[in-house]
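query_28.csv follows; it contains CSV, N, CA and C atoms.
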```csv
chain,number,residue,atom,x,y,z
U,11,MET,N,-73.3,56.2,90.1
U,11,MET,CA,-74.6,56.9,90.4
U,11,MET,C,-75.0,56.7,91.8
U,12,THR,N,-74.8,55.6,92.4
U,12,THR,CA,-75.2,55.4,93.8
U,12,THR,C,-74.4,56.1,94.8
U,13,GLU,N,-73.2,56.5,94.4
U,13,GLU,CA,-72.3,57.3,95.3
U,13,GLU,C,-72.9,58.7,95.6
U,14,ASN,N,-73.8,59.2,94.7
U,14,ASN,CA,-74.4,60.5,94.9
U,14,ASN,C,-75.6,60.5,95.8
U,15,VAL,N,-76.1,59.3,96.1
U,15,VAL,CA,-77.3,59.1,96.9
U,15,VAL,C,-77.0,59.1,98.4
U,16,ILE,N,-77.6,60.0,99.2
U,16,ILE,CA,-77.5,60.0,100.6
U,16,ILE,C,-78.8,59.8,101.3
U,17,SER,N,-78.8,59.3,102.5
U,17,SER,CA,-80.1,59.1,103.2
U,17,SER,C,-80.7,60.5,103.6
U,18,PHE,N,-81.9,60.4,103.9
U,18,PHE,CA,-82.6,61.6,104.4
U,18,PHE,C,-82.0,62.1,105.7
U,19,ASP,N,-81.7,61.2,106.6
U,19,ASP,CA,-81.1,61.5,107.9
U,19,ASP,C,-79.8,62.2,107.7
U,20,GLU,N,-79.0,61.7,106.8
U,20,GLU,CA,-77.7,62.3,106.5
U,20,GLU,C,-77.9,63.8,106.0
U,21,SER,N,-78.8,63.9,105.1
U,21,SER,CA,-79.1,65.2,104.5
U,21,SER,C,-79.6,66.2,105.6
U,22,LEU,N,-80.4,65.8,106.6
U,22,LEU,CA,-80.8,66.6,107.7
U,22,LEU,C,-79.7,67.0,108.6
U,23,GLN,N,-78.8,66.0,108.8
U,23,GLN,CA,-77.6,66.3,109.7
U,23,GLN,C,-76.7,67.3,109.0
U,24,ARG,N,-76.6,67.3,107.7
U,24,ARG,CA,-75.7,68.3,107.0
U,24,ARG,C,-76.4,69.7,107.1
U,25,LEU,N,-77.7,69.7,107.1
U,25,LEU,CA,-78.4,71.0,107.2
U,25,LEU,C,-78.3,71.6,108.6
U,26,GLU,N,-78.3,70.7,109.6
U,26,GLU,CA,-78.2,71.2,111.0
U,26,GLU,C,-76.8,71.7,111.2
U,27,ASP,N,-75.8,71.0,110.7
U,27,ASP,CA,-74.4,71.3,110.9
U,27,ASP,C,-74.0,72.6,110.2
U,28,THR,N,-74.4,72.8,109.0
U,28,THR,CA,-74.0,74.0,108.3
U,28,THR,C,-75.2,74.5,107.5
U,29,PRO,N,-76.1,75.3,108.1
U,29,PRO,CA,-77.2,75.9,107.4
U,29,PRO,C,-76.8,76.8,106.3
U,30,PHE,N,-77.2,76.5,105.1
U,30,PHE,CA,-76.9,77.4,104.0
U,30,PHE,C,-75.4,77.5,103.8
U,31,GLY,N,-74.6,76.5,104.2
U,31,GLY,CA,-73.2,76.6,104.0
U,31,GLY,C,-72.4,77.4,105.0
U,32,VAL,N,-73.0,77.7,106.1
U,32,VAL,CA,-72.4,78.5,107.1
U,32,VAL,C,-72.2,77.6,108.4
U,33,THR,N,-70.9,77.6,108.9
U,33,THR,CA,-70.7,76.8,110.0
U,33,THR,C,-71.1,77.4,111.3
U,34,ALA,N,-71.2,76.7,112.4
U,34,ALA,CA,-71.6,77.2,113.7
U,34,ALA,C,-70.6,78.3,114.2
U,35,ASP,N,-69.3,78.0,113.9
U,35,ASP,CA,-68.3,79.0,114.3
U,35,ASP,C,-68.4,80.3,113.5
U,36,GLU,N,-68.7,80.2,112.3
U,36,GLU,CA,-69.0,81.4,111.5
U,36,GLU,C,-70.1,82.2,112.0
U,37,LEU,N,-71.2,81.5,112.4
U,37,LEU,CA,-72.4,82.2,112.9
U,37,LEU,C,-72.0,82.9,114.3
U,38,ARG,N,-71.2,82.2,115.1
U,38,ARG,CA,-70.8,82.8,116.4
U,38,ARG,C,-69.9,84.0,116.2
U,39,ILE,N,-69.0,83.9,115.2
U,39,ILE,CA,-68.1,85.0,114.9
U,39,ILE,C,-68.9,86.2,114.5
U,40,THR,N,-69.9,86.0,113.6
U,40,THR,CA,-70.8,87.1,113.1
U,40,THR,C,-71.6,87.7,114.3
U,41,ALA,N,-72.2,86.8,115.1
U,41,ALA,CA,-73.0,87.3,116.2
U,41,ALA,C,-72.1,88.1,117.2
U,42,ILE,N,-70.9,87.7,117.5
U,42,ILE,CA,-70.0,88.4,118.3
U,42,ILE,C,-69.6,89.7,117.7
U,43,GLY,N,-69.4,89.7,116.4
U,43,GLY,CA,-69.1,91.0,115.7
U,43,GLY,C,-70.2,92.0,115.8
U,44,SER,N,-71.4,91.5,115.7
U,44,SER,CA,-72.6,92.3,115.8
U,44,SER,C,-72.7,92.9,117.2
U,45,LYS,N,-72.4,92.1,118.3
U,45,LYS,CA,-72.5,92.6,119.6
U,45,LYS,C,-71.4,93.6,119.9
U,46,ILE,N,-70.2,93.4,119.3
U,46,ILE,CA,-69.1,94.4,119.4
U,46,ILE,C,-69.5,95.7,118.8
U,47,GLU,N,-70.1,95.7,117.6
U,47,GLU,CA,-70.5,96.9,117.0
U,47,GLU,C,-71.6,97.7,117.8
U,48,PHE,N,-72.5,96.9,118.3
U,48,PHE,CA,-73.6,97.5,119.2
U,48,PHE,C,-73.0,98.2,120.4
U,49,SER,N,-72.1,97.4,121.1
U,49,SER,CA,-71.4,97.9,122.3
U,49,SER,C,-70.6,99.2,122.0
U,50,LYS,N,-69.9,99.2,120.9
U,50,LYS,CA,-69.1,100.4,120.5
U,50,LYS,C,-70.0,101.6,120.3
U,51,SER,N,-71.2,101.4,119.6
U,51,SER,CA,-72.1,102.4,119.4
U,51,SER,C,-72.7,102.9,120.7
U,52,GLU,N,-73.0,102.0,121.6
U,52,GLU,CA,-73.5,102.4,122.9
U,52,GLU,C,-72.5,103.2,123.7
U,53,LEU,N,-71.2,102.8,123.6
U,53,LEU,CA,-70.1,103.4,124.2
U,53,LEU,C,-70.0,104.9,123.8
U,54,GLN,N,-70.1,105.1,122.5
U,54,GLN,CA,-70.1,106.5,122.0
U,54,GLN,C,-71.2,107.3,122.5
U,55,THR,N,-72.4,106.8,122.6
U,55,THR,CA,-73.5,107.5,123.2
U,55,THR,C,-73.3,107.8,124.6
U,56,VAL,N,-72.8,106.8,125.4
U,56,VAL,CA,-72.6,107.1,126.8
U,56,VAL,C,-71.5,108.1,127.0
U,57,GLN,N,-70.4,108.1,126.2
U,57,GLN,CA,-69.4,109.1,126.3
U,57,GLN,C,-69.9,110.5,126.0
U,58,ALA,N,-70.8,110.6,125.0
U,58,ALA,CA,-71.4,111.9,124.7
U,58,ALA,C,-72.2,112.4,125.9
U,59,TYR,N,-73.0,111.5,126.6
U,59,TYR,CA,-73.7,111.9,127.7
U,59,TYR,C,-72.8,112.3,128.9
U,60,ILE,N,-71.7,111.6,129.1
U,60,ILE,CA,-70.8,111.9,130.1
U,60,ILE,C,-70.2,113.3,129.9
U,61,ASP,N,-69.9,113.6,128.7
U,61,ASP,CA,-69.4,115.0,128.3
U,61,ASP,C,-70.4,116.0,128.7
U,62,VAL,N,-71.7,115.7,128.4
U,62,VAL,CA,-72.7,116.7,128.7
U,62,VAL,C,-72.9,116.9,130.2
U,63,VAL,N,-72.9,115.8,130.9
U,63,VAL,CA,-73.1,115.9,132.4
U,63,VAL,C,-72.0,116.7,133.0
U,64,TYR,N,-70.7,116.3,132.7
U,64,TYR,CA,-69.6,117.0,133.3
U,64,TYR,C,-69.4,118.4,132.8
U,65,ALA,N,-69.9,118.7,131.6
U,65,ALA,CA,-69.8,120.1,131.1
U,65,ALA,C,-70.8,121.0,131.8
U,66,GLY,N,-71.8,120.4,132.4
U,66,GLY,CA,-72.8,121.2,133.1
U,66,GLY,C,-73.8,121.9,132.2
U,67,ARG,N,-74.1,121.2,131.1
U,67,ARG,CA,-75.0,121.8,130.1
U,67,ARG,C,-76.4,121.3,130.2
U,68,ILE,N,-76.7,120.7,131.4
U,68,ILE,CA,-78.1,120.1,131.5
U,68,ILE,C,-78.9,121.1,132.5
U,69,THR,N,-80.1,121.4,132.1
U,69,THR,CA,-80.9,122.2,133.0
U,69,THR,C,-82.1,121.3,133.4
U,70,VAL,N,-82.3,121.3,134.7
U,70,VAL,CA,-83.3,120.5,135.3
U,70,VAL,C,-84.3,121.4,136.1
U,71,THR,N,-85.5,121.3,135.8
U,71,THR,CA,-86.6,122.1,136.5
U,71,THR,C,-87.4,121.1,137.3
U,72,THR,N,-87.5,121.4,138.6
U,72,THR,CA,-88.3,120.5,139.4
U,72,THR,C,-89.8,120.9,139.3
U,73,ASP,N,-90.7,120.0,139.7
U,73,ASP,CA,-92.1,120.3,139.7
U,73,ASP,C,-92.5,121.4,140.7
U,74,ASP,N,-91.8,121.5,141.8
U,74,ASP,CA,-92.2,122.5,142.8
U,74,ASP,C,-91.4,123.8,142.6
U,75,GLY,N,-90.6,123.9,141.6
U,75,GLY,CA,-89.9,125.2,141.3
U,75,GLY,C,-88.6,125.3,142.2
U,76,SER,N,-88.3,124.4,143.1
U,76,SER,CA,-87.1,124.5,143.9
U,76,SER,C,-85.9,124.2,143.0
U,77,GLU,N,-84.7,124.7,143.5
U,77,GLU,CA,-83.5,124.5,142.8
U,77,GLU,C,-82.8,123.2,143.3
U,78,LEU,N,-82.1,122.5,142.4
U,78,LEU,CA,-81.4,121.3,142.7
U,78,LEU,C,-80.0,121.7,143.3
U,79,PRO,N,-79.5,120.9,144.1
U,79,PRO,CA,-78.1,121.1,144.6
U,79,PRO,C,-77.2,121.2,143.4
U,80,SER,N,-76.1,121.9,143.6
U,80,SER,CA,-75.1,122.1,142.5
U,80,SER,C,-74.5,120.8,142.0
U,81,ASP,N,-74.4,119.8,142.9
U,81,ASP,CA,-73.7,118.5,142.6
U,81,ASP,C,-74.7,117.4,142.3
U,82,SER,N,-75.9,117.8,142.0
U,82,SER,CA,-77.0,116.7,141.7
U,82,SER,C,-76.7,115.9,140.5
U,83,LEU,N,-75.9,116.4,139.6
U,83,LEU,CA,-75.6,115.6,138.4
U,83,LEU,C,-74.4,114.7,138.5
U,84,ALA,N,-73.7,114.9,139.6
U,84,ALA,CA,-72.4,114.1,139.9
U,84,ALA,C,-72.8,112.7,139.9
U,85,HIS,N,-73.9,112.3,140.6
U,85,HIS,CA,-74.2,110.9,140.7
U,85,HIS,C,-74.5,110.3,139.3
U,86,LEU,N,-75.2,111.1,138.5
U,86,LEU,CA,-75.5,110.6,137.1
U,86,LEU,C,-74.2,110.4,136.3
U,87,GLY,N,-73.3,111.3,136.5
U,87,GLY,CA,-72.0,111.2,135.8
U,87,GLY,C,-71.2,109.9,136.3
U,88,SER,N,-71.3,109.6,137.6
U,88,SER,CA,-70.7,108.4,138.1
U,88,SER,C,-71.3,107.2,137.6
U,89,VAL,N,-72.7,107.2,137.5
U,89,VAL,CA,-73.4,106.0,136.9
U,89,VAL,C,-73.0,105.8,135.5
U,90,LEU,N,-72.9,106.9,134.7
U,90,LEU,CA,-72.5,106.8,133.3
U,90,LEU,C,-71.1,106.3,133.2
U,91,SER,N,-70.2,106.8,134.0
U,91,SER,CA,-68.8,106.4,134.0
U,91,SER,C,-68.7,104.9,134.3
U,92,ASN,N,-69.5,104.4,135.3
U,92,ASN,CA,-69.4,102.9,135.6
U,92,ASN,C,-69.9,102.1,134.4
U,93,TYR,N,-71.0,102.6,133.7
U,93,TYR,CA,-71.5,101.9,132.5
U,93,TYR,C,-70.5,102.0,131.4
U,94,GLU,N,-69.8,103.1,131.3
U,94,GLU,CA,-68.7,103.2,130.3
U,94,GLU,C,-67.7,102.1,130.5
U,95,GLN,N,-67.2,102.0,131.8
U,95,GLN,CA,-66.2,100.9,132.1
U,95,GLN,C,-66.8,99.5,131.8
U,96,SER,N,-68.0,99.3,132.1
U,96,SER,CA,-68.6,98.0,131.8
U,96,SER,C,-68.6,97.7,130.3
U,97,LEU,N,-68.9,98.7,129.5
U,97,LEU,CA,-68.9,98.6,128.1
U,97,LEU,C,-67.5,98.3,127.6
U,98,PHE,N,-66.5,99.0,128.1
U,98,PHE,CA,-65.1,98.7,127.7
U,98,PHE,C,-64.8,97.2,128.0
U,99,ASN,N,-65.1,96.8,129.2
U,99,ASN,CA,-64.9,95.4,129.6
U,99,ASN,C,-65.6,94.4,128.7
U,100,GLN,N,-66.9,94.7,128.4
U,100,GLN,CA,-67.6,93.8,127.5
U,100,GLN,C,-67.0,93.7,126.1
U,101,ILE,N,-66.6,94.9,125.6
U,101,ILE,CA,-66.0,94.9,124.2
U,101,ILE,C,-64.7,94.1,124.2
U,102,ALA,N,-63.9,94.2,125.3
U,102,ALA,CA,-62.6,93.5,125.4
U,102,ALA,C,-62.9,92.0,125.4
U,103,LYS,N,-63.9,91.6,126.2
U,103,LYS,CA,-64.2,90.2,126.3
U,103,LYS,C,-64.7,89.6,125.0
U,104,LEU,N,-65.6,90.4,124.3
U,104,LEU,CA,-66.1,89.9,123.0
U,104,LEU,C,-65.0,89.8,122.0
U,105,GLU,N,-64.1,90.8,122.0
U,105,GLU,CA,-63.0,90.8,121.0
U,105,GLU,C,-62.1,89.6,121.3
U,106,TYR,N,-61.9,89.3,122.5
U,106,TYR,CA,-61.1,88.1,122.9
U,106,TYR,C,-61.8,86.8,122.4
U,107,GLU,N,-63.1,86.7,122.6
U,107,GLU,CA,-63.8,85.5,122.1
U,107,GLU,C,-63.8,85.4,120.6
U,108,GLN,N,-63.9,86.5,119.9
U,108,GLN,CA,-63.9,86.5,118.5
U,108,GLN,C,-62.5,86.1,118.0
U,109,GLU,N,-61.4,86.6,118.7
U,109,GLU,CA,-60.1,86.3,118.3
U,109,GLU,C,-59.8,84.8,118.5
U,110,MET,N,-60.3,84.2,119.6
U,110,MET,CA,-60.2,82.8,119.8
U,110,MET,C,-60.9,81.9,118.8
U,111,LEU,N,-62.0,82.4,118.3
U,111,LEU,CA,-62.7,81.7,117.2
U,111,LEU,C,-62.0,81.8,115.8
U,112,LEU,N,-61.5,83.0,115.6
U,112,LEU,CA,-60.8,83.2,114.3
U,112,LEU,C,-59.4,82.6,114.3
U,113,PHE,N,-58.7,82.6,115.4
U,113,PHE,CA,-57.4,82.0,115.4
U,113,PHE,C,-57.2,81.2,116.7
U,114,PRO,N,-57.8,80.0,116.6
U,114,PRO,CA,-57.7,79.1,117.8
U,114,PRO,C,-56.3,78.8,118.1
U,115,PRO,N,-55.9,78.7,119.4
U,115,PRO,CA,-54.5,78.4,119.8
U,115,PRO,C,-54.2,77.0,119.4
U,116,ASP,N,-52.9,76.7,119.1
U,116,ASP,CA,-52.5,75.4,118.9
U,116,ASP,C,-52.5,74.6,120.2
U,117,LYS,N,-52.7,73.3,120.1
U,117,LYS,CA,-52.7,72.5,121.3
U,117,LYS,C,-51.3,72.5,121.9
U,118,ASP,N,-50.2,72.6,121.1
U,118,ASP,CA,-48.9,72.6,121.6
U,118,ASP,C,-48.6,73.9,122.5
U,119,GLU,N,-49.3,75.0,122.2
U,119,GLU,CA,-49.1,76.2,122.9
U,119,GLU,C,-49.7,76.1,124.3
U,120,ASP,N,-50.5,75.2,124.5
U,120,ASP,CA,-51.2,75.0,125.8
U,120,ASP,C,-50.3,74.3,126.9
U,121,SER,N,-49.2,73.8,126.5
U,121,SER,CA,-48.4,73.0,127.4
U,121,SER,C,-47.9,74.0,128.5
U,122,PRO,N,-47.9,73.6,129.8
U,122,PRO,CA,-47.6,74.4,130.9
U,122,PRO,C,-46.1,74.9,130.9
U,123,ASP,N,-45.2,74.1,130.5
U,123,ASP,CA,-43.8,74.5,130.6
U,123,ASP,C,-43.3,75.1,129.3
U,124,GLY,N,-44.1,75.1,128.3
U,124,GLY,CA,-43.7,75.8,127.0
U,124,GLY,C,-43.0,74.9,126.1
U,125,ASP,N,-42.6,73.7,126.5
U,125,ASP,CA,-41.9,72.7,125.6
U,125,ASP,C,-42.9,72.2,124.6
U,126,HIS,N,-42.4,72.0,123.4
U,126,HIS,CA,-43.2,71.5,122.3
U,126,HIS,C,-42.7,70.1,121.8
U,127,PHE,N,-42.7,69.1,122.7
U,127,PHE,CA,-42.3,67.8,122.3
U,127,PHE,C,-43.4,67.0,122.0
U,128,SER,N,-43.3,66.1,121.0
U,128,SER,CA,-44.3,65.2,120.6
U,128,SER,C,-44.1,63.8,121.2
```
Output the structure of this file as structure tokens.
Amino acid sequence: MTENVISFDESLQRLEDTPFGVTADELRITAIGSKIEFSKSELQTVQAYIDVVYAGRITVTTDDGSELPSDSLAHLGSVLSNYEQSLFNQIAKLEYEQEMLLFPPDKDEDSPDGDHFS
């Protein structure tokens, strides 16, 4: 019977380590997955805007009635393209982090010469 009794401090430590039975790595993997999904959604939106900008389907009316130069949207397209590349990089980084948490490398694989001697 006494083997089932634990101290209050031990109980709190268990709750801190694994809230509701979920480990810290599981929480990180879930958070990274959520960030990946958000970034992919944002990427789709940005790509749709890029298509609109480069297709020339945007009409801009100035306050004073003057016409905009024909290449005025080129800068916007460039900014969106840079953001698109940033999102690609972010997704790749997050997927790498997630992969490392899901499948951590063996310590033997880290040896510089590739030898696996014990």
Between U:Glu107, U:Asp35, U:Glu52, U:Asp61, which residue has the minimum interatomic distance to Leu86 (chain U), considering only C-alpha atoms? U:Asp61
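Distances to Ile42 (chain U) were evaluated for U:Glu105, U:Thr71, U:Lys117, U:Ala58 using all atoms listed in the file, and the minimum falls at U:Glu105.
Closest approach to Ala102 (chain U) among U:Ile46, U:Tyr59, U:Thr72, U:Thr33 is made by U:Ile46 (distances from only N, CA and C atoms).
Pairwise distance (CA of Leu90 (chain U), CA of Ile60 (chain U)) equals 6.3 Å.
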So which bits of region 26-99 of chain U end up alpha helix (DSSP H) when you DSSP the backbone, as a ChimeraX atom specification? /U:26-27,34-65,84-99
Nearby residues (only C-alpha atoms) at most 12 Å from Ser88 (chain U), same-chain spacing under 6 positions excluded, as a count of residues only: 11
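With distances restricted to all atoms listed in the file, U:Glu47 is the closest residue to Ile101 (chain U) from U:Glu47, U:Asp73, U:Asp116, U:Ala84.
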Mind giving me the straight-line distance from atom N of Gln108 (chain U) to CA of Val89 (chain U) in Å, one decimal? 27.6 Å
Report, in Å to a single decimal, how far apart atom C of Lys45 (chain U) and atom N of Leu104 (chain U) are. 8.0 Å
Pick from U:Tyr93, U:Phe98, U:Glu109, U:Pro115, whichever lies nearest to Ile39 (chain U) using only C-alpha atoms: U:Glu109
